[in-house]
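*Asks:* Just so it is clear, I am handing over upload-v5.cif, which has mmCIF, C-alpha atoms and all ligand atoms.
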data_upload
loop_
_atom_site.label_atom_id
_atom_site.label_comp_id
_atom_site.auth_asym_id
_atom_site.auth_seq_id
_atom_site.Cartn_x
_atom_site.Cartn_y
_atom_site.Cartn_z
CA MET A 1 -36.76 -69.28 16.53
CA SER A 2 -38.65 -66.10 15.59
CA ASP A 3 -39.47 -64.81 12.11
CA ALA A 4 -40.54 -61.39 13.36
CA PRO A 5 -38.85 -58.49 11.60
CA PHE A 6 -36.22 -56.53 13.52
CA THR A 7 -34.30 -53.80 11.72
CA VAL A 8 -30.82 -52.56 12.57
CA ALA A 9 -30.07 -49.35 10.63
CA ILE A 10 -26.43 -48.19 10.48
CA ASP A 11 -25.22 -44.97 8.87
CA GLY A 12 -21.88 -43.22 8.72
CA PRO A 13 -19.08 -42.06 6.44
CA ALA A 14 -16.77 -44.20 4.31
CA ALA A 15 -14.21 -46.35 6.14
CA ALA A 16 -15.58 -45.78 9.65
CA GLY A 17 -16.02 -49.51 10.26
CA LYS A 18 -19.73 -49.76 9.33
CA GLY A 19 -19.21 -52.81 7.13
CA THR A 20 -17.31 -54.83 9.73
CA ILE A 21 -19.77 -53.83 12.47
CA SER A 22 -22.80 -54.63 10.29
CA ARG A 23 -21.49 -58.06 9.33
CA ALA A 24 -20.67 -58.84 12.97
CA ILE A 25 -24.16 -57.83 14.14
CA ALA A 26 -25.77 -59.90 11.36
CA ALA A 27 -23.66 -62.95 12.27
CA HIS A 28 -24.28 -62.52 16.01
CA PHE A 29 -28.08 -62.24 15.82
CA GLY A 30 -28.62 -64.41 12.71
CA PHE A 31 -29.95 -61.44 10.68
CA ALA A 32 -29.59 -60.84 6.93
CA HIS A 33 -27.24 -58.00 5.90
CA LEU A 34 -27.48 -55.48 3.06
CA ASP A 35 -24.54 -53.17 2.31
CA THR A 36 -26.60 -50.46 0.58
CA GLY A 37 -23.44 -48.76 -0.75
CA LEU A 38 -23.19 -51.69 -3.16
CA LEU A 39 -26.47 -50.57 -4.82
CA TYR A 40 -24.95 -47.15 -5.57
CA ARG A 41 -21.65 -48.75 -6.55
CA ALA A 42 -23.43 -51.08 -9.02
CA VAL A 43 -25.17 -48.07 -10.59
CA GLY A 44 -21.84 -46.16 -10.63
CA ALA A 45 -20.09 -49.06 -12.40
CA LEU A 46 -22.82 -49.20 -15.07
CA VAL A 47 -22.45 -45.44 -15.59
CA LEU A 48 -18.67 -45.80 -16.02
CA ASP A 49 -19.54 -48.33 -18.74
CA GLY A 50 -21.71 -45.74 -20.51
CA ALA A 51 -25.19 -46.28 -19.02
CA GLU A 52 -27.56 -43.46 -18.08
CA PRO A 53 -27.76 -43.30 -14.23
CA ILE A 54 -31.53 -43.21 -13.67
CA ALA A 55 -32.25 -46.00 -16.19
CA ALA A 56 -29.40 -48.04 -14.67
CA ALA A 57 -30.86 -47.66 -11.16
CA GLN A 58 -34.39 -48.53 -12.31
CA ALA A 59 -33.20 -51.72 -14.03
CA LEU A 60 -30.68 -52.77 -11.36
CA ASP A 61 -30.36 -56.53 -10.92
CA PRO A 62 -29.41 -57.45 -7.30
CA ARG A 63 -27.13 -60.16 -8.74
CA ALA A 64 -24.85 -57.30 -9.94
CA LEU A 65 -23.94 -56.69 -6.26
CA GLU A 66 -21.55 -59.66 -6.22
CA ASP A 67 -19.07 -58.11 -8.71
CA ALA A 68 -15.58 -57.64 -7.14
CA ARG A 69 -15.02 -54.55 -9.31
CA LEU A 70 -17.54 -52.68 -7.13
CA ARG A 71 -14.86 -52.44 -4.40
CA THR A 72 -12.50 -50.23 -6.46
CA ALA A 73 -11.83 -46.56 -5.63
CA GLU A 74 -12.92 -45.53 -9.15
CA VAL A 75 -16.33 -47.14 -8.66
CA ALA A 76 -16.62 -45.62 -5.14
CA GLN A 77 -16.26 -42.11 -6.57
CA ALA A 78 -18.74 -42.90 -9.38
CA ALA A 79 -21.18 -44.23 -6.72
CA SER A 80 -20.89 -41.03 -4.73
CA ARG A 81 -21.66 -39.01 -7.89
CA VAL A 82 -24.78 -41.00 -8.90
CA ALA A 83 -25.95 -40.93 -5.26
CA VAL A 84 -26.70 -37.17 -5.49
CA ILE A 85 -29.42 -37.80 -8.12
CA PRO A 86 -32.86 -37.95 -6.41
CA GLU A 87 -34.36 -40.27 -9.10
CA VAL A 88 -31.50 -42.75 -8.58
CA ARG A 89 -32.18 -42.78 -4.83
CA ALA A 90 -35.95 -43.15 -5.42
CA ALA A 91 -35.39 -46.14 -7.72
CA LEU A 92 -33.44 -47.96 -4.98
CA LEU A 93 -35.89 -47.22 -2.15
CA ASP A 94 -38.41 -50.08 -2.40
CA PHE A 95 -35.74 -52.77 -2.54
CA GLN A 96 -34.10 -51.40 0.63
CA ARG A 97 -37.40 -51.00 2.54
CA ALA A 98 -38.50 -54.52 1.66
CA PHE A 99 -35.13 -55.84 2.81
CA ALA A 100 -35.45 -53.90 6.09
CA ARG A 101 -38.73 -55.71 6.93
CA ARG A 102 -37.79 -59.20 5.77
CA PRO A 103 -38.79 -61.88 8.29
CA GLY A 104 -36.06 -62.94 10.70
CA GLY A 105 -34.24 -59.60 11.08
CA ALA A 106 -32.10 -57.37 8.87
CA VAL A 107 -29.07 -55.11 9.15
CA LEU A 108 -28.71 -52.34 6.55
CA ASP A 109 -25.73 -50.03 6.40
CA GLY A 110 -25.36 -46.85 4.36
CA ARG A 111 -25.76 -43.08 4.64
CA ASP A 112 -29.54 -42.53 4.93
CA ILE A 113 -30.91 -45.73 6.46
CA CYS A 114 -31.99 -44.15 9.77
CA THR A 115 -33.01 -40.81 8.24
CA VAL A 116 -34.88 -41.88 5.07
CA ILE A 117 -34.98 -45.59 4.28
CA TYR A 118 -36.28 -46.95 7.57
CA PRO A 119 -36.63 -44.33 10.34
CA ASP A 120 -38.68 -46.82 12.41
CA ALA A 121 -35.73 -49.22 12.70
CA GLU A 122 -35.69 -50.75 16.17
CA ALA A 123 -31.93 -50.15 16.56
CA GLN A 124 -30.10 -47.22 14.96
CA LEU A 125 -26.40 -46.41 14.94
CA PHE A 126 -24.24 -43.68 13.42
CA VAL A 127 -20.72 -45.07 13.14
CA THR A 128 -17.99 -42.52 12.55
CA ALA A 129 -14.29 -41.71 13.03
CA SER A 130 -12.09 -38.76 12.13
CA ALA A 131 -11.21 -38.41 8.42
CA GLU A 132 -7.52 -38.94 9.27
CA VAL A 133 -8.17 -42.20 11.13
CA ARG A 134 -10.46 -43.47 8.36
CA ALA A 135 -7.95 -42.60 5.65
CA ALA A 136 -5.13 -44.32 7.57
CA ARG A 137 -7.21 -47.50 7.95
CA ARG A 138 -8.18 -47.53 4.26
CA TRP A 139 -4.55 -46.81 3.21
CA LYS A 140 -3.30 -49.76 5.28
CA GLU A 141 -5.87 -52.09 3.68
CA LEU A 142 -4.93 -50.87 0.20
CA ARG A 143 -1.21 -51.28 0.86
CA GLU A 144 -1.79 -54.89 1.95
CA LYS A 145 -3.42 -55.45 -1.45
CA GLY A 146 -0.36 -53.97 -3.24
CA ASP A 147 -1.93 -50.57 -4.03
CA THR A 148 0.74 -47.83 -4.14
CA ARG A 149 -1.42 -44.75 -3.51
CA THR A 150 -0.10 -42.34 -0.86
CA LEU A 151 -1.85 -41.63 2.43
CA ALA A 152 -2.43 -38.05 1.24
CA ASP A 153 -4.24 -39.34 -1.88
CA VAL A 154 -6.44 -41.63 0.20
CA LEU A 155 -7.26 -38.80 2.64
CA ALA A 156 -8.19 -36.51 -0.27
CA ASP A 157 -10.51 -39.25 -1.62
CA VAL A 158 -12.16 -39.73 1.80
CA GLN A 159 -12.68 -35.97 2.21
CA ALA A 160 -14.10 -35.58 -1.32
CA ARG A 161 -16.63 -38.35 -0.68
CA ASP A 162 -17.54 -37.01 2.78
CA ALA A 163 -18.23 -33.58 1.29
CA ARG A 164 -20.35 -34.96 -1.56
CA ASP A 165 -22.28 -37.36 0.71
CA SER A 166 -23.07 -34.83 3.44
CA GLU A 167 -23.57 -31.65 1.40
CA ARG A 168 -25.94 -33.05 -1.24
CA ASP A 169 -29.62 -31.98 -1.19
CA ALA A 170 -31.03 -35.51 -1.62
CA ALA A 171 -30.88 -37.49 1.63
CA PRO A 172 -27.60 -36.00 2.92
CA MET A 173 -25.61 -38.09 5.38
CA ARG A 174 -26.29 -36.96 8.97
CA PRO A 175 -26.84 -38.68 12.31
CA ALA A 176 -30.56 -39.34 12.96
CA ASP A 177 -31.97 -37.99 16.23
CA GLY A 178 -32.60 -41.47 17.59
CA ALA A 179 -29.30 -43.02 16.50
CA LYS A 180 -26.57 -44.01 18.92
CA LEU A 181 -23.34 -42.24 17.98
CA LEU A 182 -20.36 -44.59 17.88
CA ASP A 183 -17.04 -42.80 17.27
CA THR A 184 -14.50 -45.54 16.52
CA SER A 185 -11.46 -43.20 16.20
CA LYS A 186 -9.91 -44.50 19.42
CA MET A 187 -11.49 -47.97 19.50
CA SER A 188 -10.21 -51.31 18.31
CA ILE A 189 -12.55 -53.10 15.93
CA GLU A 190 -13.41 -55.59 18.71
CA GLU A 191 -14.39 -52.75 21.07
CA ALA A 192 -16.52 -51.12 18.36
CA VAL A 193 -18.27 -54.42 17.52
CA ASP A 194 -18.94 -55.14 21.23
CA ALA A 195 -20.41 -51.66 21.78
CA ALA A 196 -22.64 -52.00 18.70
CA ILE A 197 -23.90 -55.47 19.68
CA ALA A 198 -24.62 -54.23 23.22
CA HIS A 199 -26.72 -51.39 21.79
CA VAL A 200 -28.71 -53.71 19.50
CA GLU A 201 -29.30 -56.10 22.39
CA ALA A 202 -30.47 -53.23 24.61
CA LYS A 203 -33.00 -52.35 21.89
CA GLY A 204 -34.54 -55.79 22.21
CA ALA A 205 -32.91 -57.96 19.54
CA VAL A 206 -32.75 -61.64 20.36
CA LEU A 207 -30.64 -64.35 18.76
CA ARG A 208 -32.25 -66.00 15.71
CA GLY A 209 -31.51 -69.17 13.87
O1 LIG B 1 -20.55 -47.16 1.68
P1 LIG B 1 -19.92 -47.11 0.32
O2 LIG B 1 -18.54 -46.51 0.34
O3 LIG B 1 -19.95 -48.42 -0.40
O4 LIG B 1 -20.88 -46.12 -0.54
C1 LIG B 1 -20.57 -45.72 -1.86
C2 LIG B 1 -21.27 -44.39 -2.14
O5 LIG B 1 -22.68 -44.60 -2.24
C3 LIG B 1 -21.08 -43.33 -1.07
O6 LIG B 1 -20.07 -42.39 -1.40
C4 LIG B 1 -22.41 -42.62 -0.98
C5 LIG B 1 -23.40 -43.54 -1.61
N1 LIG B 1 -24.38 -44.10 -0.65
C6 LIG B 1 -25.50 -43.37 -0.39
O7 LIG B 1 -25.63 -42.24 -0.88
N2 LIG B 1 -26.48 -43.88 0.39
C7 LIG B 1 -26.35 -45.09 0.95
N3 LIG B 1 -27.33 -45.57 1.71
C8 LIG B 1 -25.17 -45.85 0.72
C9 LIG B 1 -24.19 -45.32 -0.08
#
Rewrite the structure of this file - the entire thing - as structure tokens.
*Replies:*
Amino acid sequence: MSDAPFTVAIDGPAAAGKGTISRAIAAHFGFAHLDTGLLYRAVGALVLDGAEPIAAAQALDPRALEDARLRTAEVAQAASRVAVIPEVRAALLDFQRAFARRPGGAVLDGRDICTVIYPDAEAQLFVTASAEVRAARRWKELREKGDTRTLADVLADVQARDARDSERDAAPMRPADGAKLLDTSKMSIEEAVDAAIAHVEAKGAVLRG
């Protein structure tokens, strides 16, 4: 067993499969996983409750990341709005960098992990899919949970978040030069996970635990 750090950095737009792929890589190699979107969602939820965004980010308690409310569409949009504020991003930086170098390996997924948070990550991936495919996947998940929103509404939500995340000045979402591009539009989740694990292995990750 090795305690050496090994960082897997995964970026990409909403609903491309980043979360599933990140969890699968973490489980496969025995690495810790941080869904960095939850940090922005936790700040977004506090802002919906009346907090000031920068103060909320500076005082964020990692225990707030467990709240099931963070998964709602309302909180996702609030997260995307607070994520354009440079001081909010700066307040969340140290926590993410420390997580990236924790002993035993770490997987972080988000929008700016390869470009800003940890550009030296040993393995880097940009996971994407067309907006239509991502909206259809999200719509199916929501329908299974009893949500009645239409596919057109979900697509509009996905496109609004894509635009805000990639057109902002502070750490806009974009594929890093060294990142492997994984377009999952025509892949099953198993194929996408296998391709991602193969890339991480090729970059030198070994099984831990
Ligand atoms: O991945 P997610 O849907 O949970 O992310 C919620 C929002 O947070 C997303 O619209 C953009 C923002 N975000 C970010 O700006 N940087 C990250 N590293 C992760 C998320």
*Asks:* Which chain A residues have any atom within 8 Å of an atom of ligand LIG 1 (chain B), and for each, what is the nearest pair of atoms with distance in Å to one decimal, counting all atoms listed in the file, rows sorted by chain and number, as JSON lines?
*Replies:*
{"residue": "A:Asp11", "atom": "CA", "partner": "B:LIG1", "partner_atom": "N3", "distance": 7.5}
{"residue": "A:Pro13", "atom": "CA", "partner": "B:LIG1", "partner_atom": "O1", "distance": 7.1}
{"residue": "A:Ala14", "atom": "CA", "partner": "B:LIG1", "partner_atom": "O2", "distance": 4.9}
{"residue": "A:Ala15", "atom": "CA", "partner": "B:LIG1", "partner_atom": "O2", "distance": 7.2}
{"residue": "A:Gly19", "atom": "CA", "partner": "B:LIG1", "partner_atom": "O1", "distance": 8.0}
{"residue": "A:Asp35", "atom": "CA", "partner": "B:LIG1", "partner_atom": "O3", "distance": 7.1}
{"residue": "A:Thr36", "atom": "CA", "partner": "B:LIG1", "partner_atom": "C8", "distance": 4.8}
{"residue": "A:Gly37", "atom": "CA", "partner": "B:LIG1", "partner_atom": "O3", "distance": 3.5}
{"residue": "A:Leu38", "atom": "CA", "partner": "B:LIG1", "partner_atom": "O3", "distance": 5.4}
{"residue": "A:Leu39", "atom": "CA", "partner": "B:LIG1", "partner_atom": "C8", "distance": 7.4}
{"residue": "A:Tyr40", "atom": "CA", "partner": "B:LIG1", "partner_atom": "O5", "distance": 4.8}
{"residue": "A:Arg41", "atom": "CA", "partner": "B:LIG1", "partner_atom": "C1", "distance": 5.7}
{"residue": "A:Arg71", "atom": "CA", "partner": "B:LIG1", "partner_atom": "O3", "distance": 7.6}
{"residue": "A:Ala76", "atom": "CA", "partner": "B:LIG1", "partner_atom": "C1", "distance": 5.1}
{"residue": "A:Gln77", "atom": "CA", "partner": "B:LIG1", "partner_atom": "O6", "distance": 6.4}
{"residue": "A:Ala78", "atom": "CA", "partner": "B:LIG1", "partner_atom": "C2", "distance": 7.8}
{"residue": "A:Ala79", "atom": "CA", "partner": "B:LIG1", "partner_atom": "C2", "distance": 4.6}
{"residue": "A:Ser80", "atom": "CA", "partner": "B:LIG1", "partner_atom": "O6", "distance": 3.7}
{"residue": "A:Arg81", "atom": "CA", "partner": "B:LIG1", "partner_atom": "O6", "distance": 7.5}
{"residue": "A:Val82", "atom": "CA", "partner": "B:LIG1", "partner_atom": "C5", "distance": 7.8}
{"residue": "A:Ala83", "atom": "CA", "partner": "B:LIG1", "partner_atom": "O7", "distance": 4.6}
{"residue": "A:Val84", "atom": "CA", "partner": "B:LIG1", "partner_atom": "O7", "distance": 6.9}
{"residue": "A:Arg89", "atom": "CA", "partner": "B:LIG1", "partner_atom": "O7", "distance": 7.7}
{"residue": "A:Asp109", "atom": "CA", "partner": "B:LIG1", "partner_atom": "N3", "distance": 6.7}
{"residue": "A:Gly110", "atom": "CA", "partner": "B:LIG1", "partner_atom": "N3", "distance": 3.5}
{"residue": "A:Arg111", "atom": "CA", "partner": "B:LIG1", "partner_atom": "N3", "distance": 4.2}
{"residue": "A:Asp112", "atom": "CA", "partner": "B:LIG1", "partner_atom": "N3", "distance": 4.9}
{"residue": "A:Ile113", "atom": "CA", "partner": "B:LIG1", "partner_atom": "N3", "distance": 6.0}
{"residue": "A:Arg161", "atom": "CA", "partner": "B:LIG1", "partner_atom": "O6", "distance": 5.4}
{"residue": "A:Asp162", "atom": "CA", "partner": "B:LIG1", "partner_atom": "O6", "distance": 7.3}
{"residue": "A:Arg164", "atom": "CA", "partner": "B:LIG1", "partner_atom": "O6", "distance": 7.4}
{"residue": "A:Asp165", "atom": "CA", "partner": "B:LIG1", "partner_atom": "C4", "distance": 5.5}
{"residue": "A:Ala171", "atom": "CA", "partner": "B:LIG1", "partner_atom": "O7", "distance": 7.5}
{"residue": "A:Pro172", "atom": "CA", "partner": "B:LIG1", "partner_atom": "O7", "distance": 7.6}
{"residue": "A:Met173", "atom": "CA", "partner": "B:LIG1", "partner_atom": "O7", "distance": 7.5}
*Asks:* Could the residues in this selection be saved with C-alpha atoms as a CSV table (one decimal), in the coordinates of the input?
*Replies:*
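Final output, part07.csv:
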chain,number,residue,atom,x,y,z
A,11,ASP,CA,-25.2,-45.0,8.9
A,13,PRO,CA,-19.1,-42.1,6.4
A,14,ALA,CA,-16.8,-44.2,4.3
A,15,ALA,CA,-14.2,-46.4,6.1
A,19,GLY,CA,-19.2,-52.8,7.1
A,35,ASP,CA,-24.5,-53.2,2.3
A,36,THR,CA,-26.6,-50.5,0.6
A,37,GLY,CA,-23.4,-48.8,-0.8
A,38,LEU,CA,-23.2,-51.7,-3.2
A,39,LEU,CA,-26.5,-50.6,-4.8
A,40,TYR,CA,-25.0,-47.2,-5.6
A,41,ARG,CA,-21.6,-48.8,-6.6
A,71,ARG,CA,-14.9,-52.4,-4.4
A,76,ALA,CA,-16.6,-45.6,-5.1
A,77,GLN,CA,-16.3,-42.1,-6.6
A,78,ALA,CA,-18.7,-42.9,-9.4
A,79,ALA,CA,-21.2,-44.2,-6.7
A,80,SER,CA,-20.9,-41.0,-4.7
A,81,ARG,CA,-21.7,-39.0,-7.9
A,82,VAL,CA,-24.8,-41.0,-8.9
A,83,ALA,CA,-26.0,-40.9,-5.3
A,84,VAL,CA,-26.7,-37.2,-5.5
A,89,ARG,CA,-32.2,-42.8,-4.8
A,109,ASP,CA,-25.7,-50.0,6.4
A,110,GLY,CA,-25.4,-46.8,4.4
A,111,ARG,CA,-25.8,-43.1,4.6
A,112,ASP,CA,-29.5,-42.5,4.9
A,113,ILE,CA,-30.9,-45.7,6.5
A,161,ARG,CA,-16.6,-38.4,-0.7
A,162,ASP,CA,-17.5,-37.0,2.8
A,164,ARG,CA,-20.4,-35.0,-1.6
A,165,ASP,CA,-22.3,-37.4,0.7
A,171,ALA,CA,-30.9,-37.5,1.6
A,172,PRO,CA,-27.6,-36.0,2.9
A,173,MET,CA,-25.6,-38.1,5.4
*Asks:* Please measure the separation of CA of Ala170 in chain A and CA of Thr115 in chain A, giving the value in Å to one decimal.
*Replies:*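 Answer for the CA of Ala170 in chain A to CA of Thr115 in chain A separation: 11.4 Å.
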*Asks:* Have a look at A:Ala90, A:Ala196, A:Ala68, A:Ala106 and name the one nearest to Asp3 in chain A; count only C-alpha atoms.
*Replies:* A:Ala106
*Asks:* To one decimal place in Å, what is the distance between CA of Asp120 in chain A and CA of Ala202 in chain A?
*Replies:*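 Computing it gives 16.0 Å between the two atoms.
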*Asks:* Which distance in Å separates CA of Lys145 in chain A and CA of Thr184 in chain A, to one decimal?
*Replies:* 23.3 Å
*Asks:* Between A:Asp94, A:Val75, A:Ile85, A:Tyr118, which residue has the minimum interatomic distance to Asp49 in chain A, considering all atoms listed in the file?
*Replies:*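 The closest residue to Asp49 in chain A is A:Val75.
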*Asks:* Return the single residue from A:Cys114, A:Ala152, A:Ala73, A:Ala135 that is closest to Ala176 in chain A, with distances computed using only C-alpha atoms.
*Replies:*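 Looking at the shortest contact to Ala176 in chain A, the residue is A:Cys114.
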*Asks:* May I have the residues within 12 Å of Asp61 in chain A as a list in words, using all atoms listed in the file and disregarding those fewer than 3 positions away in the same chain?
*Replies:*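 Neighbouring residues, sequence-local ones excluded: Leu38, Leu39, Ala42, Val43, Leu46, Ala55, Ala56, Ala57, Gln58, Ala64, Leu65, Glu66, Asp67, Ala91, Leu92 and Phe95 of chain A.
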*Asks:* Convert the current residue selection to file output with C-alpha atoms, as an mmCIF file, in the frame of the given file.
*Replies:*
data_model
loop_
_atom_site.group_PDB
_atom_site.id
_atom_site.type_symbol
_atom_site.label_atom_id
_atom_site.label_comp_id
_atom_site.auth_asym_id
_atom_site.auth_seq_id
_atom_site.Cartn_x
_atom_site.Cartn_y
_atom_site.Cartn_z
ATOM 1 C CA LEU A 38 -23.190 -51.690 -3.160
ATOM 2 C CA LEU A 39 -26.470 -50.570 -4.820
ATOM 3 C CA ALA A 42 -23.430 -51.080 -9.020
ATOM 4 C CA VAL A 43 -25.170 -48.070 -10.590
ATOM 5 C CA LEU A 46 -22.820 -49.200 -15.070
ATOM 6 C CA ALA A 55 -32.250 -46.000 -16.190
ATOM 7 C CA ALA A 56 -29.400 -48.040 -14.670
ATOM 8 C CA ALA A 57 -30.860 -47.660 -11.160
ATOM 9 C CA GLN A 58 -34.390 -48.530 -12.310
ATOM 10 C CA ALA A 64 -24.850 -57.300 -9.940
ATOM 11 C CA LEU A 65 -23.940 -56.690 -6.260
ATOM 12 C CA GLU A 66 -21.550 -59.660 -6.220
ATOM 13 C CA ASP A 67 -19.070 -58.110 -8.710
ATOM 14 C CA ALA A 91 -35.390 -46.140 -7.720
ATOM 15 C CA LEU A 92 -33.440 -47.960 -4.980
ATOM 16 C CA PHE A 95 -35.740 -52.770 -2.540
#
*Asks:* Regenerate range 10-18 of chain A at the level of all heavy atoms and dump it as a PDB file, in the coordinates of the input.
*Replies:*
ATOM      1  N   ILE A  10     -27.772 -48.709  10.144  1.00  0.00           N
ATOM      2  CA  ILE A  10     -26.430 -48.190  10.480  1.00  0.00           C
ATOM      3  C   ILE A  10     -25.987 -47.210   9.398  1.00  0.00           C
ATOM      4  O   ILE A  10     -25.886 -47.569   8.223  1.00  0.00           O
ATOM      5  CB  ILE A  10     -25.415 -49.341  10.592  1.00  0.00           C
ATOM      6  CG1 ILE A  10     -25.912 -50.364  11.622  1.00  0.00           C
ATOM      7  CG2 ILE A  10     -24.036 -48.804  10.964  1.00  0.00           C
ATOM      8  CD1 ILE A  10     -24.942 -51.477  11.918  1.00  0.00           C
ATOM      9  N   ASP A  11     -25.729 -45.973   9.802  1.00  0.00           N
ATOM     10  CA  ASP A  11     -25.220 -44.970   8.870  1.00  0.00           C
ATOM     11  C   ASP A  11     -23.836 -44.514   9.300  1.00  0.00           C
ATOM     12  O   ASP A  11     -23.412 -44.761  10.435  1.00  0.00           O
ATOM     13  CB  ASP A  11     -26.165 -43.752   8.836  1.00  0.00           C
ATOM     14  CG  ASP A  11     -27.502 -44.096   8.202  1.00  0.00           C
ATOM     15  OD1 ASP A  11     -27.497 -44.851   7.207  1.00  0.00           O
ATOM     16  OD2 ASP A  11     -28.533 -43.622   8.709  1.00  0.00           O
ATOM     17  N   GLY A  12     -23.178 -43.793   8.390  1.00  0.00           N
ATOM     18  CA  GLY A  12     -21.880 -43.220   8.720  1.00  0.00           C
ATOM     19  C   GLY A  12     -21.037 -43.066   7.471  1.00  0.00           C
ATOM     20  O   GLY A  12     -21.385 -43.588   6.410  1.00  0.00           O
ATOM     21  N   PRO A  13     -19.920 -42.337   7.598  1.00  0.00           N
ATOM     22  CA  PRO A  13     -19.080 -42.060   6.440  1.00  0.00           C
ATOM     23  C   PRO A  13     -18.245 -43.263   5.998  1.00  0.00           C
ATOM     24  O   PRO A  13     -18.191 -44.274   6.713  1.00  0.00           O
ATOM     25  CB  PRO A  13     -18.174 -40.922   6.936  1.00  0.00           C
ATOM     26  CG  PRO A  13     -18.097 -41.132   8.402  1.00  0.00           C
ATOM     27  CD  PRO A  13     -19.432 -41.684   8.818  1.00  0.00           C
ATOM     28  N   ALA A  14     -17.604 -43.126   4.855  1.00  0.00           N
ATOM     29  CA  ALA A  14     -16.770 -44.200   4.310  1.00  0.00           C
ATOM     30  C   ALA A  14     -15.644 -44.549   5.273  1.00  0.00           C
ATOM     31  O   ALA A  14     -15.067 -43.666   5.926  1.00  0.00           O
ATOM     32  CB  ALA A  14     -16.162 -43.736   2.976  1.00  0.00           C
ATOM     33  N   ALA A  15     -15.367 -45.836   5.388  1.00  0.00           N
ATOM     34  CA  ALA A  15     -14.210 -46.350   6.140  1.00  0.00           C
ATOM     35  C   ALA A  15     -14.257 -46.102   7.646  1.00  0.00           C
ATOM     36  O   ALA A  15     -13.220 -46.038   8.306  1.00  0.00           O
ATOM     37  CB  ALA A  15     -12.895 -45.823   5.553  1.00  0.00           C
ATOM     38  N   ALA A  16     -15.465 -45.967   8.200  1.00  0.00           N
ATOM     39  CA  ALA A  16     -15.580 -45.780   9.650  1.00  0.00           C
ATOM     40  C   ALA A  16     -15.678 -47.109  10.393  1.00  0.00           C
ATOM     41  O   ALA A  16     -15.620 -47.150  11.615  1.00  0.00           O
ATOM     42  CB  ALA A  16     -16.817 -44.933   9.975  1.00  0.00           C
ATOM     43  N   GLY A  17     -15.864 -48.199   9.633  1.00  0.00           N
ATOM     44  CA  GLY A  17     -16.020 -49.510  10.260  1.00  0.00           C
ATOM     45  C   GLY A  17     -17.435 -50.049  10.179  1.00  0.00           C
ATOM     46  O   GLY A  17     -17.743 -51.107  10.741  1.00  0.00           O
ATOM     47  N   LYS A  18     -18.317 -49.342   9.465  1.00  0.00           N
ATOM     48  CA  LYS A  18     -19.730 -49.760   9.330  1.00  0.00           C
ATOM     49  C   LYS A  18     -19.869 -51.183   8.806  1.00  0.00           C
ATOM     50  O   LYS A  18     -20.683 -51.942   9.286  1.00  0.00           O
ATOM     51  CB  LYS A  18     -20.448 -48.898   8.279  1.00  0.00           C
ATOM     52  CG  LYS A  18     -20.861 -47.566   8.654  1.00  0.00           C
ATOM     53  CD  LYS A  18     -21.769 -46.947   7.594  1.00  0.00           C
ATOM     54  CE  LYS A  18     -21.413 -47.152   6.158  1.00  0.00           C
ATOM     55  NZ  LYS A  18     -20.509 -46.222   5.531  1.00  0.00           N
TER      56      LYS A  18
END
